[in-house]
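Peer 1: Input: one structure, supplied below.
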Amino acid sequence: MEEDDDDDDTINNTTATANKKKRKAKLTTSALLTILKPYFWPHATSTSATLNRVRAISTWLCVLLSKVCSIGAPIFIGKASTALTRLEYGQAMWYSVYYAGARLGSMVFNECQGLLYLFVAQAAFVELSEVTFEHLHSLSLDWHLRKKLGETIRSMDRGIGACDSLMRYLFLYLMPAVGEMIVVIIIFASYFDYFPLAVAVFVFVYVYALLTILLTLWRKKFRNRVVKSDNDWHDICTDSLINFETVKYFTGEDYEIKRFVKSIERYQSGSVNVKASLSTLNISQQVLVQACLATCLSLAIVSIRNRMDCCVSFGC
């Protein structure tokens with residue numbers, strides 16, 4: 001009976017361990033913000049903390065100024081066209097200069113943002129790497145014995161890189177683009193006093209965002225397979241070389257090479273699927289962008305025609 005009880009306990013412990021392994025750790029919003037904090041408010045690295053924070057603040061300031069110049073430039077070229085139709089050549093030239101200056105300012109601020117963010121990303125990379133490496137050393141020996149070295153190092157490198165990608169695409173590109181879209185819609189509805197154009201832009205942007213989210217979720221399964229196969233072939237390579245003496249002792253070179261080649265083939269096959277799905281996403285996005293452009297230009301032509309008919313009818 002005692003032996004049966006011991007066996008039951010062993011089975012229960014094994015089941016509990018398996019369930020724990022199946023559980024996926026969930027990253028809360030507060031934990032995510034804590035991880036991304038070095039990108040917004042970095043600490044001291046090779047340079048002082050104050051200098052790193054000035055660079056971080058300057059990055060967001062450059063993003064704002066770049067978007068302001070980008071939004072203002074078309075307004076100046078529009079005023080230049082209006083002045084030209086009224087035979088105000090001097091005003092048209094000045095507005096053309098303002099347009100060129102706004103375009104130049106947008107490009108300069110965008111380049112400054114990229115340069116400043118490079119220093120911010122480097123400081124954040126150092127800080128996150130230090131925290132992660134310190135955390136790995138704080139774990140128990142049992143954890144290190146159960147983990148695979150190649151997979152652990154690869155996951156550490158990929159996790160830090162994911163933080164940088166999240167900052168670039170979400171906070172430096174996506175959120176400023178959404179803000180720019182809202183301002184443009186307001187300008188179409190108020191400054192140009194043409195509500196249908198504002199509605200058209202909003203609808204296309206909404207469909208664009210929805211399509212991007214759906215296709216990205218569809219692509220996620222391909223990305224997961226590539227990540228798993230990438231971990232596998234790095235893990236096989238690292239563990240095989242670390243246990244070089246054992247492999248030689250049992251003459252397992254051919255077996256290790258076959259495992260390595262198969263893992264590489266799986267990785268390459270998955271990479272093709274990822275690239276194909278990305279091409280599908282890009283083509284779908286471009287179809288929507290060009291459809292939006294054609295619709296907006298058509299609405300602009302209709303508006304000009306209606307105003308010309310109004311002028312002919314009322315003699316204005």
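The way I read the labels, and the way they are meant: chains A, B, ... in the order of the structure tokens, residue 1 as the first residue of every chain, and ligand 1 as the first ligand shown, with later ones counted on from there.
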Using only C-alpha atoms, determine which residues lie at most 12 Å from region 291-306 of chain A, disregarding the query and same-chain residues fewer than 3 positions distant; provide the list as number ranges by chain.
Peer 2: A: 185, 188, 192-208, 284-288, 309-313
Peer 1: With a distance cut-off of 9 Å and only C-alpha atoms, select the neighbouring residues of region 106-120 of chain A, excluding the residue or stretch itself and same-chain residues fewer than 2 positions from it, and output the selection as number ranges by chain.
Peer 2: A: 38-40, 42, 52-53, 55-56, 58-70, 73, 101-104, 122-125
Peer 1: Quick one: residues within 12 Å of Asp230 (chain A), only C-alpha atoms, excluding same-chain residues fewer than 2 positions away - as a list of chain:residue names?
Peer 2: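 Surrounding residues, per the criterion: A:Gly150, A:Glu151, A:Arg154, A:Ser155, A:Arg158, A:Arg223, A:Asn224, A:Arg225, A:Val226, A:Val227, A:Lys228, A:Asp232, A:Trp233, A:His234, A:Asp235, A:Ile236, A:Cys237, A:Phe260, A:Lys262, A:Ser263, A:Ile264, A:Glu265, A:Arg266, A:Tyr267, A:Gln268, A:Ser269, A:Gly270, A:Ser271.
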Peer 1: Would you export the selected residues with N, CA and C atoms as a PDB file, in the first residue's frame, please?
Peer 2:
```
ATOM      1  N   GLY A 150      21.594  26.620 -25.582  1.00  0.00           N
ATOM      2  CA  GLY A 150      21.403  27.320 -26.854  1.00  0.00           C
ATOM      3  C   GLY A 150      20.065  28.034 -26.916  1.00  0.00           C
ATOM      4  N   GLU A 151      19.007  27.366 -26.442  1.00  0.00           N
ATOM      5  CA  GLU A 151      17.673  27.963 -26.462  1.00  0.00           C
ATOM      6  C   GLU A 151      17.585  29.145 -25.506  1.00  0.00           C
ATOM      7  N   ARG A 154      19.478  32.117 -27.040  1.00  0.00           N
ATOM      8  CA  ARG A 154      18.716  32.616 -28.188  1.00  0.00           C
ATOM      9  C   ARG A 154      17.477  33.382 -27.731  1.00  0.00           C
ATOM     10  N   SER A 155      16.774  32.857 -26.749  1.00  0.00           N
ATOM     11  CA  SER A 155      15.571  33.528 -26.244  1.00  0.00           C
ATOM     12  C   SER A 155      15.918  34.860 -25.597  1.00  0.00           C
ATOM     13  N   ARG A 158      16.631  37.264 -28.469  1.00  0.00           N
ATOM     14  CA  ARG A 158      15.413  37.595 -29.216  1.00  0.00           C
ATOM     15  C   ARG A 158      14.473  38.464 -28.376  1.00  0.00           C
ATOM     16  N   ARG A 223       5.227  32.512 -38.068  1.00  0.00           N
ATOM     17  CA  ARG A 223       6.315  33.057 -37.263  1.00  0.00           C
ATOM     18  C   ARG A 223       6.667  32.150 -36.090  1.00  0.00           C
ATOM     19  N   ASN A 224       5.645  31.587 -35.456  1.00  0.00           N
ATOM     20  CA  ASN A 224       5.900  30.689 -34.324  1.00  0.00           C
ATOM     21  C   ASN A 224       6.680  29.457 -34.762  1.00  0.00           C
ATOM     22  N   ARG A 225       6.338  28.926 -35.925  1.00  0.00           N
ATOM     23  CA  ARG A 225       7.061  27.761 -36.425  1.00  0.00           C
ATOM     24  C   ARG A 225       8.517  28.101 -36.731  1.00  0.00           C
ATOM     25  N   VAL A 226       8.728  29.281 -37.313  1.00  0.00           N
ATOM     26  CA  VAL A 226      10.099  29.690 -37.626  1.00  0.00           C
ATOM     27  C   VAL A 226      10.906  29.896 -36.355  1.00  0.00           C
ATOM     28  N   VAL A 227      10.283  30.529 -35.354  1.00  0.00           N
ATOM     29  CA  VAL A 227      10.980  30.748 -34.083  1.00  0.00           C
ATOM     30  C   VAL A 227      11.345  29.420 -33.430  1.00  0.00           C
ATOM     31  N   LYS A 228      10.413  28.462 -33.447  1.00  0.00           N
ATOM     32  CA  LYS A 228      10.689  27.156 -32.852  1.00  0.00           C
ATOM     33  C   LYS A 228      11.806  26.428 -33.594  1.00  0.00           C
ATOM     34  N   ASP A 232      15.503  25.371 -32.372  1.00  0.00           N
ATOM     35  CA  ASP A 232      15.924  23.974 -32.445  1.00  0.00           C
ATOM     36  C   ASP A 232      17.313  23.830 -33.050  1.00  0.00           C
ATOM     37  N   TRP A 233      17.533  24.499 -34.196  1.00  0.00           N
ATOM     38  CA  TRP A 233      18.830  24.264 -34.845  1.00  0.00           C
ATOM     39  C   TRP A 233      19.975  24.936 -34.087  1.00  0.00           C
ATOM     40  N   HIS A 234      19.712  26.062 -33.432  1.00  0.00           N
ATOM     41  CA  HIS A 234      20.742  26.660 -32.590  1.00  0.00           C
ATOM     42  C   HIS A 234      21.015  25.786 -31.361  1.00  0.00           C
ATOM     43  N   ASP A 235      19.944  25.217 -30.809  1.00  0.00           N
ATOM     44  CA  ASP A 235      20.103  24.363 -29.639  1.00  0.00           C
ATOM     45  C   ASP A 235      20.865  23.086 -29.976  1.00  0.00           C
ATOM     46  N   ILE A 236      20.538  22.472 -31.110  1.00  0.00           N
ATOM     47  CA  ILE A 236      21.235  21.263 -31.545  1.00  0.00           C
ATOM     48  C   ILE A 236      22.710  21.547 -31.779  1.00  0.00           C
ATOM     49  N   CYS A 237      22.994  22.659 -32.461  1.00  0.00           N
ATOM     50  CA  CYS A 237      24.389  23.014 -32.755  1.00  0.00           C
ATOM     51  C   CYS A 237      25.176  23.266 -31.471  1.00  0.00           C
ATOM     52  N   PHE A 260      21.008  18.064 -37.349  1.00  0.00           N
ATOM     53  CA  PHE A 260      21.273  19.480 -37.634  1.00  0.00           C
ATOM     54  C   PHE A 260      20.737  19.875 -39.002  1.00  0.00           C
ATOM     55  N   LYS A 262      18.333  18.441 -40.781  1.00  0.00           N
ATOM     56  CA  LYS A 262      16.866  18.427 -40.787  1.00  0.00           C
ATOM     57  C   LYS A 262      16.298  19.683 -40.131  1.00  0.00           C
ATOM     58  N   SER A 263      16.912  20.123 -39.035  1.00  0.00           N
ATOM     59  CA  SER A 263      16.432  21.337 -38.372  1.00  0.00           C
ATOM     60  C   SER A 263      16.651  22.566 -39.245  1.00  0.00           C
ATOM     61  N   ILE A 264      17.764  22.603 -39.976  1.00  0.00           N
ATOM     62  CA  ILE A 264      18.004  23.715 -40.893  1.00  0.00           C
ATOM     63  C   ILE A 264      16.977  23.732 -42.011  1.00  0.00           C
ATOM     64  N   GLU A 265      16.662  22.566 -42.547  1.00  0.00           N
ATOM     65  CA  GLU A 265      15.671  22.478 -43.623  1.00  0.00           C
ATOM     66  C   GLU A 265      14.299  22.944 -43.152  1.00  0.00           C
ATOM     67  N   ARG A 266      13.909  22.566 -41.926  1.00  0.00           N
ATOM     68  CA  ARG A 266      12.627  23.035 -41.387  1.00  0.00           C
ATOM     69  C   ARG A 266      12.625  24.551 -41.235  1.00  0.00           C
ATOM     70  N   TYR A 267      13.751  25.097 -40.795  1.00  0.00           N
ATOM     71  CA  TYR A 267      13.840  26.549 -40.623  1.00  0.00           C
ATOM     72  C   TYR A 267      13.724  27.270 -41.968  1.00  0.00           C
ATOM     73  N   GLN A 268      14.415  26.758 -42.994  1.00  0.00           N
ATOM     74  CA  GLN A 268      14.363  27.395 -44.308  1.00  0.00           C
ATOM     75  C   GLN A 268      12.963  27.311 -44.915  1.00  0.00           C
ATOM     76  N   SER A 269      12.317  26.168 -44.745  1.00  0.00           N
ATOM     77  CA  SER A 269      10.953  26.018 -45.258  1.00  0.00           C
ATOM     78  C   SER A 269       9.993  26.977 -44.576  1.00  0.00           C
ATOM     79  N   GLY A 270      10.124  27.119 -43.264  1.00  0.00           N
ATOM     80  CA  GLY A 270       9.277  28.070 -42.546  1.00  0.00           C
ATOM     81  C   GLY A 270       9.549  29.505 -42.925  1.00  0.00           C
ATOM     82  N   SER A 271      10.803  29.825 -43.229  1.00  0.00           N
ATOM     83  CA  SER A 271      11.157  31.191 -43.629  1.00  0.00           C
ATOM     84  C   SER A 271      10.488  31.569 -44.943  1.00  0.00           C
TER      85      SER A 271
END
```
Peer 1: Within 10 Å of Val97 (chain A), counting only C-alpha atoms, which residues qualify if same-chain residues fewer than 5 places away don't, as a list of chain:residue names?
Peer 2: A:Phe76, A:Ile77, A:Ala80, A:Gln91, A:Ala92, A:Ala102, A:Arg103
Peer 1: Looking at only C-alpha atoms, which of A:Asp254, A:Gly161, A:Met181, A:Thr152 is the one that sits closest to Thr238 (chain A)?
Peer 2: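 Closest candidate: A:Thr152.
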Peer 1: Can you list every residue in region 163-206 of chain A that DSSP puts in alpha helix (DSSP H), as a list in words?
Peer 2: Cys163, Asp164, Ser165, Leu166, Met175, Pro176, Ala177, Val178, Gly179, Glu180, Met181, Ile182, Val183, Val184, Ile185, Ile186, Phe195, Pro196, Leu197, Ala198, Val199, Ala200, Val201, Phe202, Val203, Phe204, Val205 and Tyr206 of chain A
Peer 1: Can you tell me how far CA of Tyr255 (chain A) sits from CA of Asn231 (chain A), in Å to one decimal?
Peer 2: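 Taking CA of Tyr255 (chain A) as the start and CA of Asn231 (chain A) as the end point, the length is 18.8 Å.
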Peer 1: Given only C-alpha atoms as the basis, pick out the residue of A:Ser229, A:Ser138, A:Ser165, A:Met156 nearest to Arg259 (chain A).
Peer 2: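 That would be A:Ser229, the residue with the smallest distance to Arg259 (chain A).
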Peer 1: In Å, rounded to a single decimal, give me how far CA of Gly78 (chain A) is from CA of Tyr95 (chain A).
Peer 2: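 Between these atoms lies a distance of 8.5 Å.
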Peer 1: Compare A:Trp143, A:Phe250, A:Trp41, A:Tyr191 by their minimum atom-to-atom distance to Ile75 (chain A), counting only C-alpha atoms, and give me the closest one.
Peer 2: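 Using only C-alpha atoms, Ile75 (chain A) sits closest to A:Tyr191.
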